[in-house]
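Asks: Quick one, query_38.txt (compact mmCIF, C-alpha atoms):
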# COMPACT_ATOMS: atom_id res chain seq x y z
CA MET N 113 -50.43 -67.80 158.76
CA ASN N 114 -49.27 -70.62 161.04
CA HIS N 115 -45.57 -71.45 161.32
CA THR N 116 -45.60 -74.36 158.86
CA GLU N 117 -46.81 -71.94 156.19
CA LYS N 118 -43.66 -69.86 156.54
CA PHE N 119 -41.58 -72.38 154.65
CA GLU N 120 -41.85 -75.14 152.05
CA LEU N 121 -39.81 -78.33 152.19
CA PHE N 122 -39.68 -80.92 149.44
CA ILE N 123 -37.42 -83.19 147.42
CA SER N 124 -36.83 -81.76 143.98
CA PRO N 125 -36.93 -83.91 140.82
CA SER N 126 -33.10 -83.68 140.82
CA GLY N 127 -33.03 -85.38 144.20
CA PHE N 128 -32.04 -82.35 146.29
CA ILE N 129 -33.77 -81.43 149.46
CA GLU N 130 -35.18 -77.97 148.85
CA GLU N 131 -36.33 -75.62 151.56
CA LYS N 132 -37.84 -72.27 150.79
CA PHE N 133 -38.44 -69.69 153.52
CA ILE N 134 -41.36 -67.32 153.12
CA GLY N 135 -41.40 -63.94 154.89
CA ARG N 136 -40.25 -62.98 158.34
CA GLN N 137 -39.61 -66.00 160.52
CA THR N 138 -40.57 -66.53 164.14
CA PRO N 139 -38.53 -68.73 166.49
CA GLU N 140 -41.26 -71.38 166.16
CA SER N 141 -41.41 -71.33 162.36
CA ALA N 142 -37.62 -71.38 161.97
CA GLN N 143 -37.29 -74.17 164.53
CA THR N 144 -39.98 -76.23 162.76
CA ALA N 145 -38.21 -75.67 159.44
CA VAL N 146 -34.91 -76.86 160.91
CA ASP N 147 -36.52 -79.88 162.62
CA GLN N 148 -38.23 -81.00 159.42
CA LEU N 149 -35.07 -80.49 157.39
CA ILE N 150 -33.11 -82.62 159.87
CA LYS N 151 -35.75 -85.36 159.68
CA LEU N 152 -35.59 -85.46 155.89
CA THR N 153 -31.78 -85.35 155.89
CA ARG N 154 -31.57 -88.34 158.22
CA LYS N 155 -34.18 -90.21 156.19
CA LEU N 156 -32.25 -89.79 152.92
CA LYS N 157 -28.95 -90.62 154.58
CA GLY N 158 -30.58 -93.73 156.04
CA GLN N 159 -31.32 -94.72 152.44
CA LYS N 160 -27.58 -94.33 151.68
CA LYS N 161 -28.24 -91.35 149.42
CA ARG N 162 -26.02 -88.34 148.91
CA VAL N 163 -27.73 -85.50 150.79
CA LEU N 164 -27.59 -82.19 148.95
CA ILE N 165 -29.63 -79.34 150.36
CA LEU N 166 -30.69 -76.17 148.59
CA VAL N 167 -32.13 -73.41 150.75
CA ASP N 168 -33.88 -70.38 149.28
CA ILE N 169 -33.85 -67.43 151.65
CA THR N 170 -34.64 -64.78 149.05
CA GLY N 171 -38.07 -64.45 150.68
CA ILE N 172 -36.51 -63.21 153.92
CA SER N 173 -36.06 -59.49 153.55
CA LYS N 174 -34.76 -58.75 157.02
CA VAL N 175 -32.74 -60.92 159.40
CA ASN N 176 -34.19 -61.19 162.88
CA THR N 177 -31.22 -60.97 165.27
CA SER N 178 -33.31 -60.56 168.41
CA ASP N 179 -32.62 -62.63 171.50
CA ARG N 180 -35.88 -64.49 170.84
CA MET N 181 -34.13 -66.15 167.91
CA LYS N 182 -31.01 -67.11 169.88
CA GLU N 183 -32.03 -70.70 170.53
CA THR N 184 -33.04 -71.15 166.92
CA ARG N 185 -29.71 -69.79 165.68
CA GLN N 186 -27.91 -72.17 168.01
CA ALA N 187 -30.07 -75.07 166.80
CA MET N 188 -29.11 -74.17 163.23
CA VAL N 189 -25.41 -74.12 164.09
CA LYS N 190 -25.75 -77.47 165.86
CA ALA N 191 -27.56 -78.95 162.85
CA MET N 192 -24.88 -77.63 160.47
CA LYS N 193 -22.24 -79.20 162.66
CA GLU N 194 -23.77 -82.58 163.39
CA GLU N 195 -26.27 -83.61 160.72
CA PRO N 196 -25.23 -86.06 157.98
CA TYR N 197 -25.59 -83.86 154.90
CA ASP N 198 -23.02 -83.68 152.12
CA ARG N 199 -23.51 -80.13 150.87
CA LEU N 200 -25.71 -77.21 151.83
CA ALA N 201 -26.13 -74.33 149.39
CA VAL N 202 -28.02 -71.25 150.50
CA TYR N 203 -29.01 -68.31 148.34
CA GLY N 204 -30.49 -64.97 149.32
CA ASN N 205 -29.69 -61.35 150.05
CA MET N 206 -26.43 -60.10 151.50
CA ALA N 207 -27.54 -59.89 155.14
CA THR N 208 -28.77 -63.48 155.17
CA GLN N 209 -25.60 -64.59 153.37
CA VAL N 210 -23.49 -63.01 156.11
CA LEU N 211 -25.58 -64.76 158.76
CA VAL N 212 -25.29 -68.19 157.13
CA ASN N 213 -21.55 -67.73 156.52
CA THR N 214 -21.04 -66.79 160.16
CA MET N 215 -23.03 -69.79 161.36
CA ALA N 216 -21.05 -72.12 159.08
CA LEU N 217 -17.86 -70.69 160.54
CA ILE N 218 -19.03 -71.33 164.10
CA ALA N 219 -20.12 -74.84 163.13
CA GLY N 220 -16.71 -75.44 161.53
CA LYS N 221 -18.37 -76.53 158.26
CA ARG N 222 -17.30 -73.91 155.78
CA ASN N 223 -16.28 -76.64 153.35
CA LYS N 224 -19.82 -78.06 153.27
CA VAL N 225 -21.84 -74.84 153.42
CA ARG N 226 -21.75 -72.13 150.77
CA VAL N 227 -23.84 -69.01 150.20
CA PHE N 228 -24.77 -67.50 146.84
CA ASP N 229 -26.55 -64.51 145.35
CA ASN N 230 -28.66 -66.64 143.07
CA ARG N 231 -30.13 -70.07 142.50
CA ILE N 232 -28.11 -70.94 139.38
CA ASP N 233 -24.74 -70.52 141.11
CA ALA N 234 -26.03 -72.43 144.13
CA LEU N 235 -27.17 -75.31 141.92
CA LYS N 236 -23.90 -75.30 139.99
CA TRP N 237 -21.90 -75.76 143.20
CA LEU N 238 -24.32 -78.33 144.59
CA LYS N 239 -24.10 -80.45 141.43
CA ASN N 240 -20.32 -80.18 141.20
CA LYS N 241 -18.82 -83.48 142.37
CA ASP N 242 -15.35 -82.08 143.22
CA MET Y 53 -14.42 -61.91 171.73
CA GLU Y 54 -12.06 -60.77 174.52
CA ASP Y 55 -11.21 -64.42 175.29
CA ILE Y 56 -10.56 -65.26 171.66
CA PHE Y 57 -8.26 -62.28 171.14
CA ARG Y 58 -6.38 -62.91 174.40
CA GLU Y 59 -3.65 -64.77 172.53
CA ALA Y 60 -3.47 -62.26 169.67
CA ARG Y 61 -0.25 -60.41 169.06
CA GLN Y 62 -0.25 -56.63 169.04
CA ARG Y 63 1.02 -54.20 166.50
CA ARG Y 64 1.26 -50.44 166.45
CA LEU Y 65 0.89 -48.58 163.16
CA SER Y 66 1.30 -44.93 162.30
CA LYS Y 67 -1.23 -42.64 160.71
CA GLY Y 68 -1.19 -43.00 156.93
CA GLN Y 69 0.26 -46.50 156.97
CA ILE Y 70 -1.52 -48.97 154.66
CA LEU Y 71 -2.19 -52.23 156.43
CA ILE Y 72 -3.78 -54.13 153.55
CA TYR Y 73 -3.54 -53.43 149.83
CA GLU Y 74 -6.26 -54.43 147.38
CA GLY Y 75 -5.34 -57.89 146.05
CA ASP Y 76 -3.19 -58.81 149.06
CA PRO Y 77 -3.51 -62.39 150.29
CA ILE Y 78 -5.01 -62.19 153.79
CA SER Y 79 -4.57 -64.82 156.43
CA ASN Y 80 -5.10 -62.72 159.58
CA LEU Y 81 -8.00 -61.10 161.34
CA PHE Y 82 -7.39 -57.67 162.87
CA ARG Y 83 -9.11 -56.02 165.81
CA ILE Y 84 -8.66 -52.34 166.59
CA MET Y 85 -7.80 -51.47 170.16
CA GLU Y 86 -7.15 -47.79 169.51
CA GLY Y 87 -7.50 -45.59 166.45
CA TYR Y 88 -9.35 -45.58 163.15
CA VAL Y 89 -8.84 -47.39 159.85
CA LYS Y 90 -10.45 -46.38 156.57
CA VAL Y 91 -11.43 -48.86 153.89
CA TYR Y 92 -11.40 -47.63 150.32
CA ASN Y 93 -11.05 -48.59 146.70
CA ILE Y 94 -9.82 -46.69 143.69
CA GLN Y 95 -12.38 -45.83 141.02
CA SER Y 96 -11.69 -46.08 137.30
CA ASP Y 97 -11.14 -42.27 137.21
CA GLY Y 98 -8.44 -42.61 139.88
CA ALA Y 99 -10.56 -41.16 142.69
CA ALA Y 100 -10.58 -42.88 146.06
CA ARG Y 101 -13.95 -43.98 147.42
CA ILE Y 102 -13.98 -44.53 151.17
CA ILE Y 103 -16.45 -47.31 151.87
CA PHE Y 104 -16.15 -47.66 155.61
CA ILE Y 105 -14.36 -46.51 158.74
CA TYR Y 106 -13.42 -49.03 161.39
CA SER Y 107 -13.20 -47.85 164.99
CA PRO Y 108 -12.06 -49.37 168.32
CA ASN Y 109 -13.26 -52.95 168.93
CA ASP Y 110 -14.01 -53.47 165.23
CA MET Y 111 -12.68 -56.53 163.43
CA PHE Y 112 -11.66 -56.71 159.80
CA PRO Y 113 -11.55 -57.76 156.99
CA LEU Y 114 -14.82 -59.54 157.65
CA THR Y 115 -16.21 -60.00 154.15
CA THR Y 116 -12.97 -61.51 152.95
CA PHE Y 117 -12.81 -63.73 156.00
CA LEU Y 118 -16.43 -64.91 155.93
CA SER Y 119 -16.51 -65.52 152.21
CA GLY Y 120 -13.27 -67.48 152.46
CA VAL Y 121 -11.87 -65.68 149.39
CA GLY Y 122 -8.58 -64.88 151.13
CA ILE Y 123 -7.78 -61.86 148.97
CA GLY Y 124 -8.25 -58.25 150.07
CA ARG Y 125 -10.93 -56.41 148.10
CA TYR Y 126 -10.04 -52.96 149.42
CA PHE Y 127 -7.23 -50.85 150.81
CA TYR Y 128 -7.10 -50.51 154.61
CA GLU Y 129 -5.28 -47.38 155.76
CA CYS Y 130 -4.75 -45.92 159.22
CA MET Y 131 -6.49 -42.56 159.66
CA THR Y 132 -4.77 -42.05 163.02
CA ASP Y 133 -2.09 -43.94 164.90
CA VAL Y 134 -3.55 -47.40 165.42
CA ASN Y 135 -3.04 -50.15 167.96
CA LEU Y 136 -4.16 -53.54 166.66
CA GLN Y 137 -4.60 -57.11 167.78
CA ILE Y 138 -3.77 -59.69 165.14
CA ILE Y 139 -4.81 -63.33 165.07
CA PRO Y 140 -4.49 -65.85 162.23
CA GLN Y 141 -7.90 -66.50 160.68
CA ALA Y 142 -7.44 -70.25 161.02
CA ARG Y 143 -6.79 -69.87 164.76
CA PHE Y 144 -9.78 -67.54 165.19
CA GLN Y 145 -11.95 -70.11 163.44
CA GLU Y 146 -10.59 -72.88 165.65
CA LEU Y 147 -11.33 -70.90 168.83
CA LEU Y 148 -14.79 -69.91 167.65
CA ARG Y 149 -15.79 -73.40 166.54
CA GLY Y 150 -18.47 -74.82 168.80
CA ASN Y 151 -18.28 -71.81 171.14
CA LEU Y 152 -21.94 -70.85 171.02
CA ASN Y 153 -21.68 -67.81 173.29
CA ALA Y 154 -18.78 -66.24 171.43
CA GLY Y 155 -20.55 -67.36 168.25
CA GLU Y 156 -23.69 -65.49 169.23
CA GLU Y 157 -21.64 -62.36 169.93
CA PHE Y 158 -19.90 -62.74 166.57
CA ILE Y 159 -23.23 -63.18 164.76
CA HIS Y 160 -24.56 -59.94 166.28
CA TYR Y 161 -21.35 -58.14 165.35
CA THR Y 162 -21.24 -59.38 161.73
CA MET Y 163 -24.94 -58.58 161.24
CA ASP Y 164 -24.51 -55.10 162.67
CA ILE Y 165 -21.46 -54.34 160.53
CA SER Y 166 -23.03 -55.73 157.36
CA GLN Y 167 -26.11 -53.55 157.97
CA GLN Y 168 -23.85 -50.51 158.36
CA PHE Y 169 -22.12 -51.46 155.09
CA LEU Y 170 -25.50 -51.69 153.34
CA ASP Y 171 -26.55 -48.32 154.78
CA ARG Y 172 -23.31 -46.77 153.55
CA ILE Y 173 -23.76 -48.20 150.07
CA SER Y 174 -27.34 -46.96 150.00
CA ALA Y 175 -26.22 -43.45 151.12
CA LEU Y 176 -23.49 -43.43 148.47
CA SER Y 177 -26.05 -44.18 145.77
CA SER Y 178 -28.25 -41.19 146.66
CA ASN Y 179 -28.61 -38.56 143.91
CA SER Y 180 -28.69 -35.62 146.28
CA ALA Y 181 -25.34 -34.13 147.37
CA HIS Y 182 -27.00 -32.68 150.47
CA ARG Y 183 -28.46 -36.07 151.43
CA LYS Y 184 -25.07 -37.75 150.92
CA VAL Y 185 -23.28 -35.31 153.21
CA VAL Y 186 -26.01 -35.44 155.88
CA SER Y 187 -26.03 -39.28 155.81
CA LEU Y 188 -22.27 -39.22 156.14
CA LEU Y 189 -22.44 -36.94 159.19
CA HIS Y 190 -24.87 -39.35 160.88
CA TYR Y 191 -22.48 -42.20 160.05
CA LEU Y 192 -19.44 -40.30 161.38
CA VAL Y 193 -21.17 -39.45 164.67
CA GLU Y 194 -22.01 -43.15 165.05
CA ARG Y 195 -18.54 -44.41 164.13
CA ALA Y 196 -16.13 -41.76 165.34
CA GLY Y 197 -17.99 -39.18 167.39
CA THR Y 198 -17.72 -38.43 171.08
CA GLU Y 199 -20.83 -39.04 173.19
CA PRO Y 200 -23.07 -36.03 172.45
CA ASP Y 201 -22.59 -33.35 175.11
CA ALA Y 202 -25.30 -30.69 175.13
CA GLY Y 203 -26.38 -31.99 171.73
CA ALA Y 204 -22.91 -31.76 170.16
CA SER Y 205 -20.58 -34.58 169.16
CA LYS Y 206 -16.96 -33.96 168.22
CA LEU Y 207 -15.32 -36.27 165.69
CA LYS Y 208 -12.19 -38.06 166.87
CA ILE Y 209 -10.72 -38.24 163.39
CA PRO Y 210 -9.38 -35.31 161.41
CA LEU Y 211 -11.12 -34.89 158.06
CA THR Y 212 -10.26 -32.64 155.13
CA SER Y 213 -12.80 -31.62 152.49
CA GLN Y 214 -11.11 -34.17 150.23
CA ASP Y 215 -11.66 -36.94 152.80
CA ILE Y 216 -15.34 -35.99 153.01
CA ALA Y 217 -15.53 -35.94 149.22
CA ASP Y 218 -13.99 -39.44 149.12
CA LEU Y 219 -16.46 -40.60 151.75
CA CYS Y 220 -19.44 -39.22 149.83
CA GLY Y 221 -18.40 -39.93 146.27
CA LEU Y 222 -18.64 -36.22 145.43
CA SER Y 223 -16.19 -33.65 144.10
CA ARG Y 224 -14.30 -31.55 146.63
CA GLU Y 225 -15.96 -28.40 145.27
CA THR Y 226 -19.47 -29.80 145.81
CA VAL Y 227 -18.54 -30.90 149.33
CA THR Y 228 -17.17 -27.45 150.16
CA ILE Y 229 -20.49 -25.86 149.12
CA GLN Y 230 -22.49 -28.36 151.18
CA LEU Y 231 -20.28 -27.95 154.24
CA SER Y 232 -20.60 -24.13 154.03
CA LYS Y 233 -24.39 -24.45 154.04
CA LEU Y 234 -24.29 -26.81 157.03
CA LYS Y 235 -21.94 -24.45 158.88
CA LYS Y 236 -24.28 -21.55 158.19
CA SER Y 237 -27.26 -23.46 159.58
CA GLY Y 238 -25.23 -24.45 162.69
CA VAL Y 239 -25.23 -28.20 161.99
CA ILE Y 240 -21.43 -28.35 161.95
CA SER Y 241 -18.62 -26.25 163.32
CA GLY Y 242 -14.83 -26.46 163.50
CA THR Y 243 -12.40 -27.32 160.75
CA ARG Y 244 -10.49 -30.63 160.74
CA PHE Y 245 -12.06 -32.16 163.83
CA LEU Y 246 -15.70 -31.33 163.09
CA THR Y 247 -18.25 -30.78 165.82
CA ILE Y 248 -21.73 -31.89 164.84
CA ASP Y 249 -24.94 -30.62 166.42
CA THR Y 250 -26.84 -33.90 166.54
CA SER Y 251 -30.26 -32.39 167.23
CA LYS Y 252 -29.96 -29.99 164.29
CA LEU Y 253 -28.61 -32.84 162.16
CA LYS Y 254 -31.68 -34.96 162.97
CA ASN Y 255 -33.96 -32.20 161.71
CA ASP Y 256 -31.95 -31.53 158.57
For the structure just supplied, provide its representation as structure tokens.
Replies:
Amino acid sequence: MNHTEKFELFISPSGFIEEKFIGRQTPESAQTAVDQLIKLTRKLKGQKKRVLILVDITGISKVNTSDRMKETRQAMVKAMKEEPYDRLAVYGNMATQVLVNTMALIAGKRNKVRVFDNRIDALKWLKNKD
Amino acid sequence: MEDIFREARQRRLSKGQILIYEGDPISNLFRIMEGYVKVYNIQSDGAARIIFIYSPNDMFPLTTFLSGVGIGRYFYECMTDVNLQIIPQARFQELLRGNLNAGEEFIHYTMDISQQFLDRISALSSNSAHRKVVSLLHYLVERAGTEPDAGASKLKIPLTSQDIADLCGLSRETVTIQLSKLKKSGVISGTRFLTIDTSKLKND
């Protein structure tokens, strides 16, 4: 499996950007996933659209906290901090929720990033205009 | 984390003092400098269930902080005299923001603690009383044991049979039976400050 097969990225019929991670990630696969997500985010924003992102991390059973992933984690924090998205909802298991919450805290974007146990709650928050 | 907590204020608490009650609004983050704090809830039958033990250098309440709920989900009680650093959560967040090195350290810490939480929950859901007590002993050596000397680690916190029962989700009577068996096989010795033979524990 090459690193582009470890995730899927598409625009859903509802207009969200959806990214789904599949299996254990490598620094290369996670970095490619982030790069492509950034590209799509900027493209939609360039079209003056509201950018809502839904990320499915239920397919990641174990979080890789090794030093090999350090640069990727930092790239994710930087993207959370600087990219022009409106809301980012992530759903998955508890360990990945803790990781995303911690990264959102470091990025200072807890108001724009939320984690959930399941897709329905994530969608509900994403669709909420408040 | 040392840099971030440099401006924290300090507070000394006595053994038995409850620092946070379930349902309390929480706006601070605490870091233990000395001592041990237990985290527990009260079951519907009135029994206490100890979920976790925080030891020196630990920060809490992390789940409440990270989820942004702002309300304590558990009771936090000092098991010994405790010396704490206290920093407002908003200030911690401000100091952490954009600090990628401290951020990396915090990520490792939160991941490690959340894994320990998951391990504890998994151990608590075991059906075997023996397995529950053995898992707990491993956990206690990790959290509150001295460095093993000649294969033995002494716990730095005093524990009664009732404490162990609350930590395992078992009755005190069942715990007493299990502890007697472990004493007989030489895995544990002592009374309130247990000494655990880590090599025998590994094989149990």
Asks: Taking all atoms listed in the file into account and nothing else, which residues of chain Y lie no more than 6 Å away from chain N? Please answer as a PyMOL selection string.
Replies: chain Y and resi 118+148-150+155
Asks: Of the candidates N:Thr170, N:Gly127, N:Lys155, N:Glu117, which shows the shortest atom-to-atom distance to N:Ala142, using only C-alpha atoms?
Replies: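 Using only C-alpha atoms, N:Ala142 sits closest to N:Glu117.
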Asks: Write out as a list in words which residues come within 9 Å of Y:Ile103 when counting only C-alpha atoms, dropping same-chain ones fewer than 2 positions away.
Replies: Lys90, Val91, Tyr92, Asn93, Arg101, Ile105, Tyr126, Phe169, Arg172, Ile173, Leu176, Asp218, Leu219 and Cys220 of chain Y
Asks: Determine, counting all atoms listed in the file, which protein, DNA and RNA residues have an atom within 7 Å of an atom of Y:Met85; residues of the same chain fewer than 3 positions away are not included. Present the result as a ChimeraX atom specification.
Replies: /Y:108-109,135-137
Asks: For Y:Pro200, list every protein, DNA or RNA residue within 12 Å, evaluated using only C-alpha atoms, and leave out those in the same chain fewer than 3 positions away; present the list as a VMD selection string.
Replies: chain Y and resid 193 to 194 196 to 197 203 to 207 247 to 251
Asks: Go through N:Ile232, N:Gln159, N:Leu121, N:Thr184 one by one, measure the shortest atom-to-atom distance of each to N:Glu140 using all atoms listed in the file, and give the residue with the smallest value.
Replies: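 Using all atoms listed in the file, N:Glu140 sits closest to N:Thr184.
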Asks: So, counting only C-alpha atoms, which residue among N:Leu235, N:Leu156, N:Asp168, N:Ile150 is closest to N:Glu194?
Replies: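 For N:Glu194, the nearest of the candidates is N:Ile150.
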Asks: I'd like the interatomic distance between atom CA of Y:Pro113 and atom CA of Y:Phe82, to a tenth of an Å.
Replies: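 Between atom CA of Y:Pro113 and atom CA of Y:Phe82 the gap works out to 7.2 Å.
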Asks: Using all atoms listed in the file for the distances, tell me which of N:Val146, N:Ile172, N:Ala234, N:Val202 is nearest to N:Met188.
Replies: N:Val146
Asks: Quick check, in Å to one decimal: how far apart do atom CA of Y:Glu54 and atom CA of Y:Tyr73 lie?
Replies: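 Distance reported for this atom pair: 27.1 Å.
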Asks: Find the residue from Y:Arg224, Y:His190, Y:Lys208, Y:Arg195 that sits nearest to Y:Asp256; use all atoms listed in the file when measuring.
Replies: Y:His190
Asks: I'd like the interatomic distance between atom CA of Y:Ser107 and atom CA of Y:Leu170, to a tenth of an Å.
Replies: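 Between these atoms lies a distance of 17.4 Å.
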Asks: Counting all atoms listed in the file, which residues come within 8 Å of (-5.5, -64.6, 168.7), with the point read in the file's coordinates, and could you list them as a list in words?
Replies: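 Answer for this query, in the requested form: Ile56, Phe57, Arg58, Glu59, Ala60, Arg61, Gln137, Ile138, Ile139, Pro140, Arg143 and Phe144 of chain Y.
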Asks: Applying 9 Å and all atoms listed in the file, which residues near N:Asp233 remain after dropping the ones on its own chain fewer than 5 positions away? List them as a PyMOL selection string.
Replies: chain N and resi 203+228+238
Asks: Quick one: residues within 9 Å of N:Arg199, only C-alpha atoms counted, chain neighbours fewer than 5 positions away excluded, as a PyMOL selection string?
Replies: chain N and resi 162-166+223-226+237-238
Asks: May I have the protein, DNA and RNA residues with an atom at most 8 Å from (-17.9, -29.2, 156.0), counting all atoms listed in the file in the file's coordinates, returned as a list in words?
Replies: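 Residues with an atom at most 8 Å from (-17.9, -29.2, 156.0): Ser213, Ile216, Val227, Thr228, Gln230, Leu231, Ser232, Leu234, Lys235, Ile240, Ser241, Thr243 and Leu246 of chain Y.
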